Amino acid sequence: GGSRLSLGTLSLPPMLLVLGVAYSLHVVAEYYELAQPGRSKEEVLLETLHSINTPVLMAALTTVLGFLSLFTNNIVSIREMGIYSAIGITIAFLLATILIPAALVLMPLPSRHQDIYSPGLTTALRAFTQFIIQHRTAVIIGGALIAVLAALPIPSIEVGSNFLSLFRASHPVRQATDVINQALGGSMAFYVTIDGSESDIMKKEDTLKRIKDLQLYINSLPGVDKTVSFVDFCELVDQAIQTVPTEDGTPPPAPTATASFWGNQANLDGVMQTFMLSPTIISSVVDHPWYSRSNIQVRTSFTHPREIADAVQKIQRFAEEHFSPEMKAHPTGALILNTRTASSLISGQIQSLTLTAGVIFVIMTVMFLSFRVGIIAMIPNIFPILAFFGLMGVSGAMLSIGTNTIASIVLGLAVDDTIHIMSRLSAEARRTSDQREALMRALCTVGKPTLYYSLLVFLGFLSFGLSTFVPIQEFGLLSAMTVAFGVLAELALLPALLTTTRVITLWDVLYVRLGQDPHKTIPLFAGLRPFQAKLVTLMGELKSFPQGQPIVRQGDLGNEMYVVINGTADVFMHAAEQSRKLGSLGRGDVFGEMGLIRHHERMADVIATQEVEVLAVNERFLERIKRRYPRIASEIFFNVSKILSDRLEQAQRRGSLK
């Protein structure tokens, strides 16, 4: 497409390789997790795709949209990196979800379950997660302290635009440049262009005097080794004219230290006429034959962008104070452009990361249906980026277009890990009412591919540290350390934050089935929209009972109220060794309310007469709803109050009839 290779686009292959391996390992790990004896390859593969496609798709989509946000950056190479990254990640996703399953079909189904291959890792992950859960407060405080410590050296980060910073001090290029700086007056050069508003303005003595003053000022600046201007050429020609023998053969007077044309228009005209004879000698410093523009070449030994920026600012200020309104002076050249590009790199980096993080946060919030959970999901994504900038500040590594891409690479990895962990946690939470047990199960499954590819990526980037090319070396070492911090955030900080937080995904809500008009047929959901009713159901615990199985037993202690979502059940009371049917329950009916209010003994048996699905309502469920969705909680509390008041009224009516 005509785009050129740059340090930004050169980082694309390792980044796409990292994300492609991550997507593929999640697919393979899920396949081996489901590959149990007695199942066919087709059955296992279909279940794998059903289980893994949604989180992999959302991870890829989130990362693609995040990289597309780089298109707003002013730096062309970063914009190109964003576009090509989005295209590459899309291709990596398609290959992981199409090519990898096709390859698995051609391979024999594993004869043993995955846990047999890595029992030690499963045990270690479970023990580690249990430790994190038990010490969650200390982990969160420790993570916050690390983030604060990482943020402290960020202001000291320098932006790299100096070509010499690409090489070590022992490199031949660096040593040769040092020789040039010492012998020839600086290896780095820029220009100060003086623009006039009329032709021949550069031939005027007043103009030359102002240029001379500016040149002397520039020479006085620290780091400036030598300057060359049109005035220097004029003085050299003037000196040559003074040494020409006179017509009578007498030797000319010794040239003075000051050019003879200062204060002598005739001599100045003679100098200008000489230039007419050989205009090529001044073509680099003035625009012959118009003489409306000239420049000063400035040779320096500057090594830091800050030094160049300070010098430019001082030159512009001096020119504004000493030049007439019809003349303008402005520094330019490749060195200045590189410095300005480097300066815009900081603002571009902040803008790009902020926009990328904002896009990802919005997607996370929508995906997990909660502003609070969206913030929790972003913490392990921001943590390694903070660590990355902290490492740059401590190590003295410069922010360049090469190191600029590390944050984007790690952000892509972190988003992938976060979505897989939280998606698996949501699935495990539907199988057990114990949030901590669900968290341990999730980490024991998703944690394995996360550790595998993180270790591969860490070692791969670490090998770049052997390079003699400084940008590649810094890129590798910083990437490896940032990936390590990212894994720490995903496997330690994220579980600590999710210990008491119920995770619901958008696709969970879309998949849950509550039948037609749940807000009309189930009193607990009165006043809610169908989507909100599904949300409430997923915040609680759905329990299923086959035909003939008791849902509650008379005499058992209970702390839950049940709402029948689907199916029917009969209510029986036992007294004096006799059983009496009290009635039947169907969709929307409520039972066990005394257990919710008083943790009371059950007064009767409730037996499923067909497959029954009930929603368990307890204090933890109500507290969870109130904390996460306060507006929905107000409707639920009102409906629970109505249900309890109706039951109380019915009880009083039955008592009065007796």
# chains A, B, ... in the order shown; residues from 1 in each chain; ligands from 1

$ residues_around --residues "Leu46 (chain A)" --least-positions-apart "3" --cutoff "12 Å" --atoms "only C-alpha atoms" --output "list in words"
Val27, Glu30, Tyr31, Leu34, Ala35, Arg39, Ser40, Lys41, Glu42, Glu43, Leu49, His50, Ser51, Ile52, Asn53, Thr97, Pro101, Ala102, Leu104 and Val105 of chain A

$ closest_atom_pairs --of "region 525-545 of chain A" --to "region 621-639 of chain A" --cutoff "10 Å" --atoms "only C-alpha atoms" --output "Markdown table"
| residue | atom | partner | partner_atom | distance |
| --- | --- | --- | --- | --- |
| A:Phe525 | CA | A:Ile636 | CA | 6.9 |
| A:Ala526 | CA | A:Asn639 | CA | 6.9 |
| A:Gly527 | CA | A:Glu635 | CA | 6.7 |
| A:Leu528 | CA | A:Glu635 | CA | 7.4 |
| A:Arg529 | CA | A:Ile632 | CA | 9.8 |
| A:Gln532 | CA | A:Ile632 | CA | 7.4 |
| A:Ala533 | CA | A:Ile632 | CA | 9.0 |
| A:Leu535 | CA | A:Ile632 | CA | 9.3 |
| A:Val536 | CA | A:Ile625 | CA | 7.3 |
| A:Thr537 | CA | A:Phe621 | CA | 9.8 |
| A:Met539 | CA | A:Phe621 | CA | 6.8 |
| A:Gly540 | CA | A:Phe621 | CA | 5.5 |
| A:Glu541 | CA | A:Phe621 | CA | 8.2 |

$ write_last_selection --atoms "N, CA, C and O atoms" --output "short mmCIF file (atom, residue, chain, number, x, y, z; two decimals), in the first residue's frame"
data_model
loop_
_atom_site.label_atom_id
_atom_site.label_comp_id
_atom_site.auth_asym_id
_atom_site.auth_seq_id
_atom_site.Cartn_x
_atom_site.Cartn_y
_atom_site.Cartn_z
N PHE A 525 -40.66 -10.03 39.38
CA PHE A 525 -40.11 -9.21 38.32
C PHE A 525 -41.07 -8.11 37.86
O PHE A 525 -40.83 -7.47 36.83
N ALA A 526 -42.14 -7.89 38.57
CA ALA A 526 -43.12 -6.87 38.20
C ALA A 526 -42.45 -5.50 38.14
O ALA A 526 -41.65 -5.14 39.01
N GLY A 527 -42.77 -4.73 37.10
CA GLY A 527 -42.20 -3.39 36.95
C GLY A 527 -40.85 -3.36 36.26
O GLY A 527 -40.30 -2.28 36.03
N LEU A 528 -40.30 -4.54 35.94
CA LEU A 528 -39.01 -4.60 35.26
C LEU A 528 -39.20 -4.90 33.78
O LEU A 528 -40.21 -5.47 33.38
N ARG A 529 -38.20 -4.54 33.00
CA ARG A 529 -38.19 -4.94 31.61
C ARG A 529 -37.65 -6.37 31.51
O ARG A 529 -36.94 -6.83 32.41
N GLN A 532 -34.02 -6.65 32.25
CA GLN A 532 -33.71 -6.48 33.67
C GLN A 532 -34.06 -7.73 34.46
O GLN A 532 -33.36 -8.10 35.41
N ALA A 533 -35.16 -8.40 34.09
CA ALA A 533 -35.54 -9.63 34.78
C ALA A 533 -34.46 -10.70 34.59
O ALA A 533 -34.12 -11.44 35.54
N LEU A 535 -31.32 -10.09 34.07
CA LEU A 535 -30.17 -9.62 34.84
C LEU A 535 -30.31 -10.01 36.31
O LEU A 535 -29.37 -10.49 36.94
N VAL A 536 -31.50 -9.81 36.86
CA VAL A 536 -31.77 -10.18 38.25
C VAL A 536 -31.60 -11.68 38.44
O VAL A 536 -31.01 -12.14 39.43
N THR A 537 -32.09 -12.46 37.51
CA THR A 537 -31.99 -13.92 37.61
C THR A 537 -30.53 -14.36 37.67
O THR A 537 -30.16 -15.23 38.47
N MET A 539 -28.01 -12.59 38.67
CA MET A 539 -27.38 -12.12 39.91
C MET A 539 -27.64 -13.07 41.06
O MET A 539 -26.91 -13.09 42.05
N GLY A 540 -28.70 -13.85 40.95
CA GLY A 540 -29.02 -14.84 41.97
C GLY A 540 -28.49 -16.20 41.58
O GLY A 540 -27.51 -16.33 40.85
N GLU A 541 -29.17 -17.23 42.08
CA GLU A 541 -28.76 -18.60 41.78
C GLU A 541 -29.95 -19.38 41.26
O GLU A 541 -30.96 -19.53 41.95
#

$ residues_around --residues "Ile565 (chain A)" --least-positions-apart "3" --cutoff "12 Å" --atoms "only C-alpha atoms" --output "MDAnalysis selection string"
chainID A and resid 512:519 521:525 533:534 537 541:545 562 568:569 585:590 611:616

$ residues_around --residues "Thr123 (chain A)" --least-positions-apart "6" --cutoff "12 Å" --atoms "only C-alpha atoms" --output "short mmCIF file (atom, residue, chain, number, x, y, z; two decimals) with N, CA, C and O atoms, in the first residue's frame"
data_model
loop_
_atom_site.label_atom_id
_atom_site.label_comp_id
_atom_site.auth_asym_id
_atom_site.auth_seq_id
_atom_site.Cartn_x
_atom_site.Cartn_y
_atom_site.Cartn_z
N ASP A 115 -6.19 -32.73 33.11
CA ASP A 115 -5.64 -32.60 34.45
C ASP A 115 -4.57 -33.64 34.73
O ASP A 115 -3.70 -33.47 35.58
N ILE A 116 -4.64 -34.80 34.02
CA ILE A 116 -3.64 -35.84 34.21
C ILE A 116 -2.28 -35.35 33.70
O ILE A 116 -1.24 -35.70 34.23
N THR A 129 -4.58 -19.27 44.15
CA THR A 129 -5.84 -18.51 44.16
C THR A 129 -6.44 -18.47 45.55
O THR A 129 -6.97 -17.43 45.99
N GLN A 130 -6.36 -19.57 46.26
CA GLN A 130 -6.88 -19.62 47.63
C GLN A 130 -6.12 -18.64 48.52
O GLN A 130 -6.71 -17.94 49.36
N MET A 440 -11.80 -20.07 41.96
CA MET A 440 -10.70 -21.03 41.91
C MET A 440 -10.82 -21.94 40.68
O MET A 440 -9.82 -22.25 40.03
N ARG A 441 -12.04 -22.36 40.36
CA ARG A 441 -12.23 -23.19 39.17
C ARG A 441 -11.84 -22.43 37.90
O ARG A 441 -11.22 -22.98 36.99
N LEU A 443 -9.72 -19.90 37.58
CA LEU A 443 -8.27 -19.70 37.48
C LEU A 443 -7.54 -21.00 37.17
O LEU A 443 -6.49 -21.00 36.51
N CYS A 444 -8.09 -22.13 37.64
CA CYS A 444 -7.44 -23.42 37.37
C CYS A 444 -7.56 -23.84 35.91
O CYS A 444 -6.77 -24.66 35.43
N THR A 445 -8.54 -23.30 35.20
CA THR A 445 -8.70 -23.64 33.78
C THR A 445 -8.09 -22.57 32.89
O THR A 445 -7.15 -22.84 32.13
N GLY A 447 -6.27 -20.08 33.78
CA GLY A 447 -4.94 -19.71 34.22
C GLY A 447 -3.84 -20.48 33.53
O GLY A 447 -2.72 -19.98 33.37
N LYS A 448 -4.13 -21.71 33.10
CA LYS A 448 -3.09 -22.53 32.45
C LYS A 448 -2.63 -21.95 31.12
O LYS A 448 -1.43 -21.70 30.94
#

$ residues_around --residues "Leu493 (chain A)" --least-positions-apart "6" --cutoff "9 Å" --atoms "only C-alpha atoms" --output "PyMOL selection string"
chain A and resi 132+136+139-140+143+379-380

$ closest_residue --among "A:Arg293, A:Arg317, A:Lys204, A:Lys212" --to "Leu268 (chain A)" --atoms "only C-alpha atoms"
A:Lys204
